[in-house]
$ cat start.csv   # CSV, C-alpha atoms and all ligand atoms
chain,number,residue,atom,x,y,z
A,1,MET,CA,-108.0,-9.7,13.5
A,2,HIS,CA,-110.7,-11.2,15.6
A,3,ILE,CA,-110.4,-9.4,19.0
A,4,VAL,CA,-112.1,-11.1,21.8
A,5,MET,CA,-111.4,-8.9,24.8
A,6,GLU,CA,-109.1,-6.1,26.1
A,7,THR,CA,-107.7,-5.6,29.6
A,8,ASP,CA,-105.7,-2.7,30.9
A,9,ARG,CA,-102.5,-4.0,29.3
A,10,MET,CA,-103.5,-6.8,27.0
A,11,MET,CA,-105.5,-7.6,23.9
A,12,LEU,CA,-106.9,-11.1,23.4
A,13,ARG,CA,-107.5,-12.3,19.9
A,14,ARG,CA,-108.4,-15.5,18.2
A,15,PHE,CA,-105.5,-17.7,16.9
A,16,THR,CA,-105.2,-18.1,13.2
A,17,VAL,CA,-103.5,-20.7,10.9
A,18,ALA,CA,-100.6,-18.3,10.8
A,19,ASP,CA,-99.8,-18.8,14.5
A,20,VAL,CA,-97.8,-22.0,14.3
A,21,ASP,CA,-94.5,-20.3,15.1
A,22,ILE,CA,-95.6,-18.5,18.3
A,23,ILE,CA,-97.1,-21.7,19.7
A,24,VAL,CA,-94.1,-23.7,18.9
A,25,GLU,CA,-91.9,-21.1,20.6
A,26,LEU,CA,-94.1,-21.0,23.7
A,27,ASP,CA,-94.2,-24.8,24.0
A,28,GLY,CA,-90.6,-25.0,23.2
A,29,ASP,CA,-89.5,-23.6,26.6
A,30,PRO,CA,-88.8,-26.3,29.1
A,31,ALA,CA,-89.7,-24.0,32.0
A,32,VAL,CA,-93.1,-23.3,30.5
A,33,MET,CA,-93.7,-27.0,29.9
A,34,ARG,CA,-92.4,-28.1,33.3
A,35,PHE,CA,-95.8,-28.9,34.9
A,36,LEU,CA,-97.4,-29.9,31.6
A,37,THR,CA,-95.0,-32.4,30.0
A,38,GLY,CA,-92.1,-32.5,32.5
A,39,GLY,CA,-90.3,-29.9,30.3
A,40,GLN,CA,-90.6,-31.7,26.9
A,41,PRO,CA,-91.3,-29.3,24.1
A,42,THR,CA,-94.3,-29.9,21.9
A,43,PRO,CA,-93.1,-31.0,18.4
A,44,ARG,CA,-93.9,-28.6,15.6
A,45,SER,CA,-95.7,-31.3,13.7
A,46,GLU,CA,-98.1,-31.7,16.7
A,47,VAL,CA,-98.8,-28.0,16.7
A,48,GLU,CA,-99.5,-28.0,13.0
A,49,SER,CA,-101.6,-31.2,12.8
A,50,GLU,CA,-103.3,-31.3,16.2
A,51,ILE,CA,-103.0,-28.4,18.6
A,52,LEU,CA,-103.8,-25.5,16.3
A,53,PRO,CA,-106.5,-27.3,14.3
A,54,ARG,CA,-108.2,-28.1,17.6
A,55,ILE,CA,-108.0,-24.5,18.8
A,56,LEU,CA,-109.6,-23.3,15.5
A,57,ARG,CA,-112.3,-26.0,15.6
A,58,THR,CA,-113.4,-24.8,19.1
A,59,TYR,CA,-114.1,-21.4,17.6
A,60,GLU,CA,-116.6,-23.1,15.2
A,61,GLU,CA,-118.2,-25.4,17.8
A,62,THR,CA,-118.4,-22.9,20.7
A,63,PRO,CA,-117.9,-19.4,19.3
A,64,ASN,CA,-117.8,-17.7,22.7
A,65,LEU,CA,-115.2,-20.0,24.1
A,66,GLY,CA,-111.7,-21.3,23.2
A,67,ARG,CA,-108.1,-20.4,23.5
A,68,TRP,CA,-106.9,-16.9,22.7
A,69,ALA,CA,-103.6,-15.3,22.0
A,70,ALA,CA,-102.7,-12.5,24.4
A,71,LEU,CA,-100.7,-9.5,23.1
A,72,ALA,CA,-99.2,-6.6,24.9
A,73,LYS,CA,-101.2,-3.5,23.9
A,74,SER,CA,-98.0,-1.4,24.3
A,75,SER,CA,-95.8,-3.4,21.9
A,76,GLY,CA,-98.0,-6.0,20.2
A,77,GLN,CA,-95.7,-8.6,21.5
A,78,PHE,CA,-97.1,-12.2,22.0
A,79,LEU,CA,-97.3,-12.8,25.8
A,80,GLY,CA,-99.0,-16.3,25.8
A,81,TRP,CA,-102.6,-17.5,25.8
A,82,PHE,CA,-105.7,-17.7,27.9
A,83,ALA,CA,-108.6,-20.1,27.6
A,84,LEU,CA,-112.2,-20.6,28.6
A,85,SER,CA,-112.8,-24.2,27.5
A,86,PRO,CA,-116.0,-26.0,27.3
A,87,THR,CA,-116.2,-28.6,30.0
A,88,GLN,CA,-115.8,-32.2,29.1
A,89,ARG,CA,-117.9,-33.3,32.1
A,90,GLY,CA,-121.3,-34.3,30.9
A,91,ASN,CA,-123.2,-31.7,28.9
A,92,ALA,CA,-123.0,-28.7,31.3
A,93,ASP,CA,-123.1,-25.6,29.1
A,94,ASP,CA,-122.9,-23.2,32.0
A,95,GLU,CA,-119.5,-24.4,33.2
A,96,VAL,CA,-116.1,-23.6,31.7
A,97,GLU,CA,-112.5,-24.4,32.5
A,98,LEU,CA,-110.0,-21.5,32.9
A,99,GLY,CA,-106.5,-21.9,31.5
A,100,TYR,CA,-103.4,-19.9,30.8
A,101,ARG,CA,-99.9,-20.3,29.5
A,102,LEU,CA,-97.4,-17.4,29.3
A,103,ARG,CA,-94.0,-17.0,27.8
A,104,ARG,CA,-91.3,-17.0,30.5
A,105,SER,CA,-90.5,-13.4,29.6
A,106,SER,CA,-94.1,-12.5,30.6
A,107,TRP,CA,-94.0,-14.0,34.1
A,108,GLY,CA,-93.9,-12.0,37.3
A,109,GLN,CA,-95.8,-9.0,35.9
A,110,GLY,CA,-99.4,-9.9,36.8
A,111,TYR,CA,-100.5,-10.7,33.3
A,112,ALA,CA,-102.0,-14.1,34.2
A,113,THR,CA,-104.0,-12.7,37.0
A,114,GLU,CA,-105.1,-9.7,34.9
A,115,GLY,CA,-106.3,-11.9,32.1
A,116,SER,CA,-108.0,-14.5,34.4
A,117,ARG,CA,-109.9,-11.8,36.2
A,118,ALA,CA,-111.1,-10.3,33.0
A,119,LEU,CA,-112.2,-13.6,31.6
A,120,ILE,CA,-114.0,-14.4,34.8
A,121,HIS,CA,-115.9,-11.1,34.5
A,122,LYS,CA,-116.7,-11.9,30.9
A,123,ALA,CA,-117.9,-15.4,31.6
A,124,PHE,CA,-120.2,-14.3,34.4
A,125,THR,CA,-121.6,-11.1,32.8
A,126,GLU,CA,-121.8,-12.0,29.1
A,127,LEU,CA,-121.6,-15.8,28.6
A,128,GLY,CA,-124.2,-17.1,31.2
A,129,ILE,CA,-121.6,-19.1,33.0
A,130,GLU,CA,-122.4,-20.3,36.5
A,131,ARG,CA,-119.2,-22.1,37.4
A,132,ILE,CA,-115.6,-21.6,36.4
A,133,PHE,CA,-113.0,-24.2,37.4
A,134,ALA,CA,-109.3,-24.6,36.9
A,135,GLU,CA,-107.0,-27.5,37.4
A,136,THR,CA,-103.2,-27.9,37.7
A,137,MET,CA,-100.6,-30.1,39.3
A,138,ALA,CA,-100.6,-29.7,43.0
A,139,VAL,CA,-96.9,-28.7,42.9
A,140,ASN,CA,-97.6,-25.9,40.3
A,141,THR,CA,-97.5,-23.1,42.9
A,142,PRO,CA,-97.4,-20.2,40.4
A,143,SER,CA,-100.6,-21.5,38.7
A,144,ARG,CA,-102.3,-22.1,42.1
A,145,ARG,CA,-101.4,-18.5,43.1
A,146,VAL,CA,-103.0,-17.1,39.9
A,147,MET,CA,-106.2,-19.1,40.7
A,148,GLU,CA,-106.3,-17.8,44.3
A,149,ARG,CA,-105.5,-14.2,43.3
A,150,SER,CA,-108.3,-14.5,40.7
A,151,GLY,CA,-110.8,-15.4,43.4
A,152,LEU,CA,-111.1,-19.2,42.8
A,153,ARG,CA,-111.3,-21.4,45.8
A,154,PHE,CA,-109.6,-24.7,46.4
A,155,VAL,CA,-112.0,-27.7,45.9
A,156,ARG,CA,-110.0,-30.9,46.0
A,157,VAL,CA,-106.9,-32.9,45.3
A,158,PHE,CA,-107.3,-35.8,42.8
A,159,GLN,CA,-105.2,-38.4,41.1
A,160,LEU,CA,-105.0,-39.0,37.4
A,161,ALA,CA,-103.6,-42.1,35.8
A,162,TRP,CA,-100.7,-41.2,33.6
A,163,ASP,CA,-98.9,-43.6,31.2
A,164,ASP,CA,-95.8,-41.6,31.6
A,165,PRO,CA,-95.9,-39.7,34.9
A,166,ILE,CA,-93.8,-36.6,35.3
A,167,GLU,CA,-92.0,-35.4,38.4
A,168,GLY,CA,-94.6,-34.2,40.9
A,169,THR,CA,-97.6,-36.2,39.7
A,170,GLU,CA,-97.4,-38.2,42.8
A,171,HIS,CA,-98.7,-35.2,44.7
A,172,GLY,CA,-101.8,-35.2,42.5
A,173,GLU,CA,-103.8,-32.5,40.7
A,174,VAL,CA,-105.8,-29.7,42.3
A,175,GLU,CA,-109.1,-28.2,41.3
A,176,TYR,CA,-110.2,-24.7,42.1
A,177,GLU,CA,-113.6,-23.1,41.4
A,178,LEU,CA,-115.6,-20.0,41.5
A,179,ARG,CA,-119.4,-19.9,41.3
A,180,ARG,CA,-121.2,-16.9,40.0
A,181,ALA,CA,-123.1,-16.6,43.3
A,182,ASP,CA,-119.8,-16.3,45.2
A,183,TRP,CA,-118.1,-13.9,42.7
A,184,GLN,CA,-117.0,-10.5,44.0
A,185,PRO,CA,-116.2,-8.5,40.9
A,186,ALA,CA,-113.9,-6.1,42.7
A,187,VAL,CA,-111.7,-8.9,44.1
B,201,LIG,C1,-98.9,-20.1,35.6
B,201,LIG,C2,-98.2,-18.8,35.1
B,201,LIG,C3,-99.1,-18.1,34.0
B,201,LIG,C4,-98.1,-17.8,36.3
B,201,LIG,O1,-97.4,-16.7,35.9
B,201,LIG,P1,-97.1,-15.5,37.0
B,201,LIG,O2,-96.2,-14.5,36.3
B,201,LIG,O3,-96.6,-16.2,38.3
B,201,LIG,O4,-98.5,-14.9,37.4
B,201,LIG,P2,-99.0,-13.4,37.1
B,201,LIG,O5,-98.9,-13.1,35.7
B,201,LIG,O6,-100.4,-13.3,37.7
B,201,LIG,O7,-98.0,-12.6,37.9
B,201,LIG,C5,-98.0,-12.6,39.3
B,201,LIG,C6,-96.6,-12.2,39.8
B,201,LIG,O8,-96.3,-10.9,39.2
B,201,LIG,C7,-96.0,-9.9,40.3
B,201,LIG,N1,-96.4,-8.7,39.7
B,201,LIG,C8,-95.6,-7.8,39.1
B,201,LIG,N2,-96.2,-6.7,38.6
B,201,LIG,C9,-97.6,-7.0,38.9
B,201,LIG,C10,-98.7,-6.3,38.5
B,201,LIG,N3,-98.7,-5.1,37.9
B,201,LIG,N4,-99.9,-6.8,38.9
B,201,LIG,C11,-100.0,-8.0,39.5
B,201,LIG,N5,-98.9,-8.7,39.9
B,201,LIG,C12,-97.7,-8.2,39.5
B,201,LIG,C13,-96.8,-10.5,41.4
B,201,LIG,O9,-96.2,-10.0,42.6
B,201,LIG,C14,-96.6,-12.0,41.3
B,201,LIG,O10,-95.4,-12.4,41.8
B,201,LIG,P3,-95.2,-13.5,42.9
B,201,LIG,O11,-96.0,-14.7,42.5
B,201,LIG,O12,-93.8,-13.7,43.1
B,201,LIG,O13,-95.9,-12.9,44.1
B,201,LIG,C15,-96.8,-19.0,34.5
B,201,LIG,O14,-96.0,-19.6,35.5
B,201,LIG,C16,-96.8,-20.0,33.4
B,201,LIG,O15,-97.2,-19.6,32.2
B,201,LIG,N6,-96.4,-21.3,33.6
B,201,LIG,C17,-96.3,-22.2,32.5
B,201,LIG,C18,-97.7,-22.8,32.1
B,201,LIG,C19,-98.5,-23.3,33.2
B,201,LIG,O16,-98.0,-24.0,34.1
B,201,LIG,N7,-99.8,-23.1,33.2
B,201,LIG,C20,-100.7,-23.5,34.1
B,201,LIG,C21,-101.0,-25.0,33.9
B,201,LIG,S1,-102.6,-25.4,34.5
$ encode --input "start.csv" --output "structure tokens" --more "lines below"
Ligand SMILES: CC(C)(COP(=O)(O)OP(=O)(O)OC[C@H]1O[C@@H](n2cnc3c(N)ncnc32)[C@H](O)[C@@H]1OP(=O)(O)O)[C@@H](O)C(=O)NCCC(=O)NCCS
Amino acid sequence: MHIVMETDRMMLRRFTVADVDIIVELDGDPAVMRFLTGGQPTPRSEVESEILPRILRTYEETPNLGRWAALAKSSGQFLGWFALSPTQRGNADDEVELGYRLRRSSWGQGYATEGSRALIHKAFTELGIERIFAETMAVNTPSRRVMERSGLRFVRVFQLAWDDPIEGTEHGEVEYELRRADWQPAV
């Protein structure tokens, strides 16, 4: 098992080819997918042929970054995932995007904030990152709260062009950020 990081209550490890089922289950919950696809589950075939291969490819391309499975230390149970993704804007290698997706049974317990804060600490202290940003739909209040509790600050609302818009896209997307110079580790 390739362990990436531990927090008080969680262990983050790399995904493997054996993880199709847990991703299918996570993305199969309409509540989890509400602000991502409008509630549509991700087909198993897409997890097998696109999503998981892409996750594994990122480990090769950027070994310090990627999407990692979060397990409860106490039970070993899969809680969801966290990500520090390479930015797709230009070639900035000192900037990463923070992301997270938890199983519904893991909500309301502070896991998302605990994992986000730990990844922010890692990014700024070990990975040479200068700026962390996160984006979500403006109407995704739980995700915005995680960003705020983790110390990120609101930057902007922006509009994306969607072929098949889901409910709430009319309110746009939001971007939050935290720069290393502004980071307060204790927050
Ligand atoms: C976004 C998401 C991870 C947020 O989950 P969450 O459970 O609200 O966030 P946290 O894990 O930080 O938990 C915070 C909540 O737990 C409560 N809590 C309970 N025990 C806690 C503890 N020990 N420490 C901290 N908070 C605790 C907090 O009071 C807070 O509740 P509140 O929001 O009602 O005030 C979750 O809604 C999700 O996975 N959504 C689907 C995927 C998604 O939308 N991802 C983002 C797309 S960009």
$ residues_near_ligand --input "start.csv" --ligand "ligand LIG 201 (chain B)" --cutoff "6 Å" --atoms "only C-alpha atoms and all ligand atoms" --output "number ranges by chain"
A: 32, 35, 100-102, 107-113, 135-136, 142-143, 146
$ atom_distance --input "start.csv" --atom1 "CA of Phe82 (chain A)" --atom2 "CA of Met5 (chain A)"
10.9 Å
$ atom_distance --input "start.csv" --atom1 "CA of Val17 (chain A)" --atom2 "CA of Gly39 (chain A)"
25.2 Å
$ residues_around --input "start.csv" --residues "Glu61 (chain A)" --least-positions-apart "5" --cutoff "12 Å" --atoms "all atoms listed in the file" --output "list in words"
Arg54, Ile55, Leu56, Gly66, Ser85 and Pro86 of chain A
$ write_last_selection --input "start.csv" --atoms "C-alpha atoms" --output "PDB file, keeping the file's coordinate frame"
ATOM      1  CA  ARG A  54    -108.200 -28.100  17.600  1.00  0.00           C
ATOM      2  CA  ILE A  55    -108.000 -24.500  18.800  1.00  0.00           C
ATOM      3  CA  LEU A  56    -109.600 -23.300  15.500  1.00  0.00           C
ATOM      4  CA  GLY A  66    -111.700 -21.300  23.200  1.00  0.00           C
ATOM      5  CA  SER A  85    -112.800 -24.200  27.500  1.00  0.00           C
ATOM      6  CA  PRO A  86    -116.000 -26.000  27.300  1.00  0.00           C
TER       7      PRO A  86
END
$ atom_distance --input "start.csv" --atom1 "CA of Glu97 (chain A)" --atom2 "CA of Arg145 (chain A)"
16.4 Å
$ residues_around --input "start.csv" --residues "Thr169 (chain A)" --least-positions-apart "6" --cutoff "12 Å" --atoms "all atoms listed in the file" --output "PyMOL selection string"
chain A and resi 34-38+136-140+157-163
$ closest_residue --input "start.csv" --among "A:Glu130, A:Glu25, A:Glu173, A:Glu114" --to "Ala92 (chain A)" --atoms "all atoms listed in the file"
A:Glu130
$ closest_residue --input "start.csv" --among "A:Ala123, A:Leu98, A:Val24, A:Leu178" --to "Asn64 (chain A)" --atoms "all atoms listed in the file"
A:Ala123
$ residues_around --input "start.csv" --residues "Gly151 (chain A)" --least-positions-apart "3" --cutoff "8 Å" --atoms "only C-alpha atoms" --output "VMD selection string"
chain A and resid 147 to 148 178 183 to 184 187
$ write_last_selection --input "start.csv" --atoms "C-alpha atoms" --output "PDB file, in the frame of the given file"
ATOM      1  CA  MET A 147    -106.200 -19.100  40.700  1.00  0.00           C
ATOM      2  CA  GLU A 148    -106.300 -17.800  44.300  1.00  0.00           C
ATOM      3  CA  LEU A 178    -115.600 -20.000  41.500  1.00  0.00           C
ATOM      4  CA  TRP A 183    -118.100 -13.900  42.700  1.00  0.00           C
ATOM      5  CA  GLN A 184    -117.000 -10.500  44.000  1.00  0.00           C
ATOM      6  CA  VAL A 187    -111.700  -8.900  44.100  1.00  0.00           C
TER       7      VAL A 187
END
$ residues_around --input "start.csv" --residues "region 69-81 of chain A" --least-positions-apart "6" --cutoff "6 Å" --atoms "only C-alpha atoms" --output "list in words"
Arg9, Met10, Met11, Leu12, Arg13, Phe15, Tyr100, Arg101, Leu102, Arg103 and Ser106 of chain A
$ residues_around --input "start.csv" --residues "Val47 (chain A)" --least-positions-apart "5" --cutoff "10 Å" --atoms "only C-alpha atoms" --output "ChimeraX atom specification"
/A:19-21,23-24,27,42,52-54
$ closest_residue --input "start.csv" --among "A:Gly99, A:Ile166, A:Arg180, A:Glu175" --to "Thr125 (chain A)" --atoms "all atoms listed in the file"
A:Arg180
$ closest_residue --input "start.csv" --among "A:Ala31, A:Asp182, A:Gln88, A:Arg117" --to "Arg153 (chain A)" --atoms "all atoms listed in the file"
A:Asp182
$ closest_residue --input "start.csv" --among "A:His2, A:Arg44, A:Arg131, A:Arg104" --to "Tyr59 (chain A)" --atoms "all atoms listed in the file"
A:His2
$ build_atoms --input "start.csv" --residues "region 40-51 of chain A" --atoms "all heavy atoms" --output "PDB file, in the coordinates of the input"
ATOM      1  N   GLN A  40     -90.745 -31.297  28.343  1.00  0.00           N
ATOM      2  CA  GLN A  40     -90.600 -31.700  26.900  1.00  0.00           C
ATOM      3  C   GLN A  40     -91.283 -30.652  26.035  1.00  0.00           C
ATOM      4  O   GLN A  40     -92.452 -30.322  26.256  1.00  0.00           O
ATOM      5  CB  GLN A  40     -91.253 -33.030  26.677  1.00  0.00           C
ATOM      6  CG  GLN A  40     -90.506 -34.199  27.279  1.00  0.00           C
ATOM      7  CD  GLN A  40     -89.118 -34.359  26.689  1.00  0.00           C
ATOM      8  OE1 GLN A  40     -88.944 -34.331  25.475  1.00  0.00           O
ATOM      9  NE2 GLN A  40     -88.134 -34.491  27.556  1.00  0.00           N
ATOM     10  N   PRO A  41     -90.594 -30.157  25.015  1.00  0.00           N
ATOM     11  CA  PRO A  41     -91.300 -29.300  24.100  1.00  0.00           C
ATOM     12  C   PRO A  41     -92.287 -29.994  23.230  1.00  0.00           C
ATOM     13  O   PRO A  41     -92.160 -31.197  23.009  1.00  0.00           O
ATOM     14  CB  PRO A  41     -90.108 -28.744  23.193  1.00  0.00           C
ATOM     15  CG  PRO A  41     -88.977 -29.668  23.408  1.00  0.00           C
ATOM     16  CD  PRO A  41     -89.184 -30.409  24.692  1.00  0.00           C
ATOM     17  N   THR A  42     -93.286 -29.270  22.760  1.00  0.00           N
ATOM     18  CA  THR A  42     -94.300 -29.900  21.900  1.00  0.00           C
ATOM     19  C   THR A  42     -93.699 -29.848  20.449  1.00  0.00           C
ATOM     20  O   THR A  42     -93.289 -28.788  19.969  1.00  0.00           O
ATOM     21  CB  THR A  42     -95.577 -29.036  21.872  1.00  0.00           C
ATOM     22  OG1 THR A  42     -95.975 -28.835  23.218  1.00  0.00           O
ATOM     23  CG2 THR A  42     -96.690 -29.751  21.110  1.00  0.00           C
ATOM     24  N   PRO A  43     -93.664 -30.986  19.765  1.00  0.00           N
ATOM     25  CA  PRO A  43     -93.100 -31.000  18.400  1.00  0.00           C
ATOM     26  C   PRO A  43     -93.931 -30.094  17.469  1.00  0.00           C
ATOM     27  O   PRO A  43     -95.154 -30.013  17.583  1.00  0.00           O
ATOM     28  CB  PRO A  43     -93.261 -32.458  17.960  1.00  0.00           C
ATOM     29  CG  PRO A  43     -93.456 -33.249  19.205  1.00  0.00           C
ATOM     30  CD  PRO A  43     -94.093 -32.315  20.191  1.00  0.00           C
ATOM     31  N   ARG A  44     -93.219 -29.443  16.559  1.00  0.00           N
ATOM     32  CA  ARG A  44     -93.900 -28.600  15.600  1.00  0.00           C
ATOM     33  C   ARG A  44     -94.992 -29.311  14.820  1.00  0.00           C
ATOM     34  O   ARG A  44     -96.069 -28.765  14.585  1.00  0.00           O
ATOM     35  CB  ARG A  44     -92.822 -28.052  14.597  1.00  0.00           C
ATOM     36  CG  ARG A  44     -93.384 -27.064  13.610  1.00  0.00           C
ATOM     37  CD  ARG A  44     -92.323 -26.548  12.645  1.00  0.00           C
ATOM     38  NE  ARG A  44     -92.887 -25.438  11.909  1.00  0.00           N
ATOM     39  CZ  ARG A  44     -92.846 -24.178  12.290  1.00  0.00           C
ATOM     40  NH1 ARG A  44     -92.238 -23.841  13.403  1.00  0.00           N
ATOM     41  NH2 ARG A  44     -93.418 -23.235  11.579  1.00  0.00           N
ATOM     42  N   SER A  45     -94.711 -30.557  14.475  1.00  0.00           N
ATOM     43  CA  SER A  45     -95.700 -31.300  13.700  1.00  0.00           C
ATOM     44  C   SER A  45     -97.005 -31.480  14.491  1.00  0.00           C
ATOM     45  O   SER A  45     -98.094 -31.464  13.923  1.00  0.00           O
ATOM     46  CB  SER A  45     -95.132 -32.699  13.352  1.00  0.00           C
ATOM     47  OG  SER A  45     -94.772 -33.389  14.532  1.00  0.00           O
ATOM     48  N   GLU A  46     -96.896 -31.594  15.821  1.00  0.00           N
ATOM     49  CA  GLU A  46     -98.100 -31.700  16.700  1.00  0.00           C
ATOM     50  C   GLU A  46     -98.873 -30.421  16.724  1.00  0.00           C
ATOM     51  O   GLU A  46    -100.099 -30.411  16.715  1.00  0.00           O
ATOM     52  CB  GLU A  46     -97.687 -32.207  18.055  1.00  0.00           C
ATOM     53  CG  GLU A  46     -98.846 -32.644  18.913  1.00  0.00           C
ATOM     54  CD  GLU A  46     -98.384 -33.124  20.286  1.00  0.00           C
ATOM     55  OE1 GLU A  46     -97.269 -33.701  20.401  1.00  0.00           O
ATOM     56  OE2 GLU A  46     -99.122 -32.894  21.255  1.00  0.00           O
ATOM     57  N   VAL A  47     -98.135 -29.315  16.760  1.00  0.00           N
ATOM     58  CA  VAL A  47     -98.800 -28.000  16.700  1.00  0.00           C
ATOM     59  C   VAL A  47     -99.568 -27.840  15.436  1.00  0.00           C
ATOM     60  O   VAL A  47    -100.720 -27.423  15.414  1.00  0.00           O
ATOM     61  CB  VAL A  47     -97.776 -26.866  16.930  1.00  0.00           C
ATOM     62  CG1 VAL A  47     -98.439 -25.502  16.744  1.00  0.00           C
ATOM     63  CG2 VAL A  47     -97.107 -26.957  18.298  1.00  0.00           C
ATOM     64  N   GLU A  48     -98.910 -28.207  14.341  1.00  0.00           N
ATOM     65  CA  GLU A  48     -99.500 -28.000  13.000  1.00  0.00           C
ATOM     66  C   GLU A  48    -100.710 -28.934  12.772  1.00  0.00           C
ATOM     67  O   GLU A  48    -101.722 -28.519  12.218  1.00  0.00           O
ATOM     68  CB  GLU A  48     -98.458 -28.309  11.924  1.00  0.00           C
ATOM     69  CG  GLU A  48     -97.468 -27.185  11.766  1.00  0.00           C
ATOM     70  CD  GLU A  48     -96.330 -27.540  10.813  1.00  0.00           C
ATOM     71  OE1 GLU A  48     -96.097 -28.745  10.552  1.00  0.00           O
ATOM     72  OE2 GLU A  48     -95.658 -26.618  10.336  1.00  0.00           O
ATOM     73  N   SER A  49    -100.574 -30.185  13.217  1.00  0.00           N
ATOM     74  CA  SER A  49    -101.600 -31.200  12.800  1.00  0.00           C
ATOM     75  C   SER A  49    -102.666 -31.387  13.880  1.00  0.00           C
ATOM     76  O   SER A  49    -103.747 -31.866  13.570  1.00  0.00           O
ATOM     77  CB  SER A  49    -100.944 -32.491  12.458  1.00  0.00           C
ATOM     78  OG  SER A  49    -100.324 -33.029  13.608  1.00  0.00           O
ATOM     79  N   GLU A  50    -102.357 -31.047  15.148  1.00  0.00           N
ATOM     80  CA  GLU A  50    -103.300 -31.300  16.200  1.00  0.00           C
ATOM     81  C   GLU A  50    -103.728 -30.111  17.020  1.00  0.00           C
ATOM     82  O   GLU A  50    -104.906 -29.792  17.139  1.00  0.00           O
ATOM     83  CB  GLU A  50    -102.772 -32.396  17.170  1.00  0.00           C
ATOM     84  CG  GLU A  50    -102.603 -33.760  16.539  1.00  0.00           C
ATOM     85  CD  GLU A  50    -101.971 -34.757  17.499  1.00  0.00           C
ATOM     86  OE1 GLU A  50    -102.291 -34.700  18.709  1.00  0.00           O
ATOM     87  OE2 GLU A  50    -101.143 -35.554  17.046  1.00  0.00           O
ATOM     88  N   ILE A  51    -102.721 -29.427  17.570  1.00  0.00           N
ATOM     89  CA  ILE A  51    -103.000 -28.400  18.600  1.00  0.00           C
ATOM     90  C   ILE A  51    -103.742 -27.200  17.917  1.00  0.00           C
ATOM     91  O   ILE A  51    -104.834 -26.810  18.348  1.00  0.00           O
ATOM     92  CB  ILE A  51    -101.757 -27.968  19.309  1.00  0.00           C
ATOM     93  CG1 ILE A  51    -101.303 -29.159  20.156  1.00  0.00           C
ATOM     94  CG2 ILE A  51    -101.999 -26.735  20.169  1.00  0.00           C
ATOM     95  CD1 ILE A  51    -100.028 -28.967  20.896  1.00  0.00           C
TER      96      ILE A  51
END
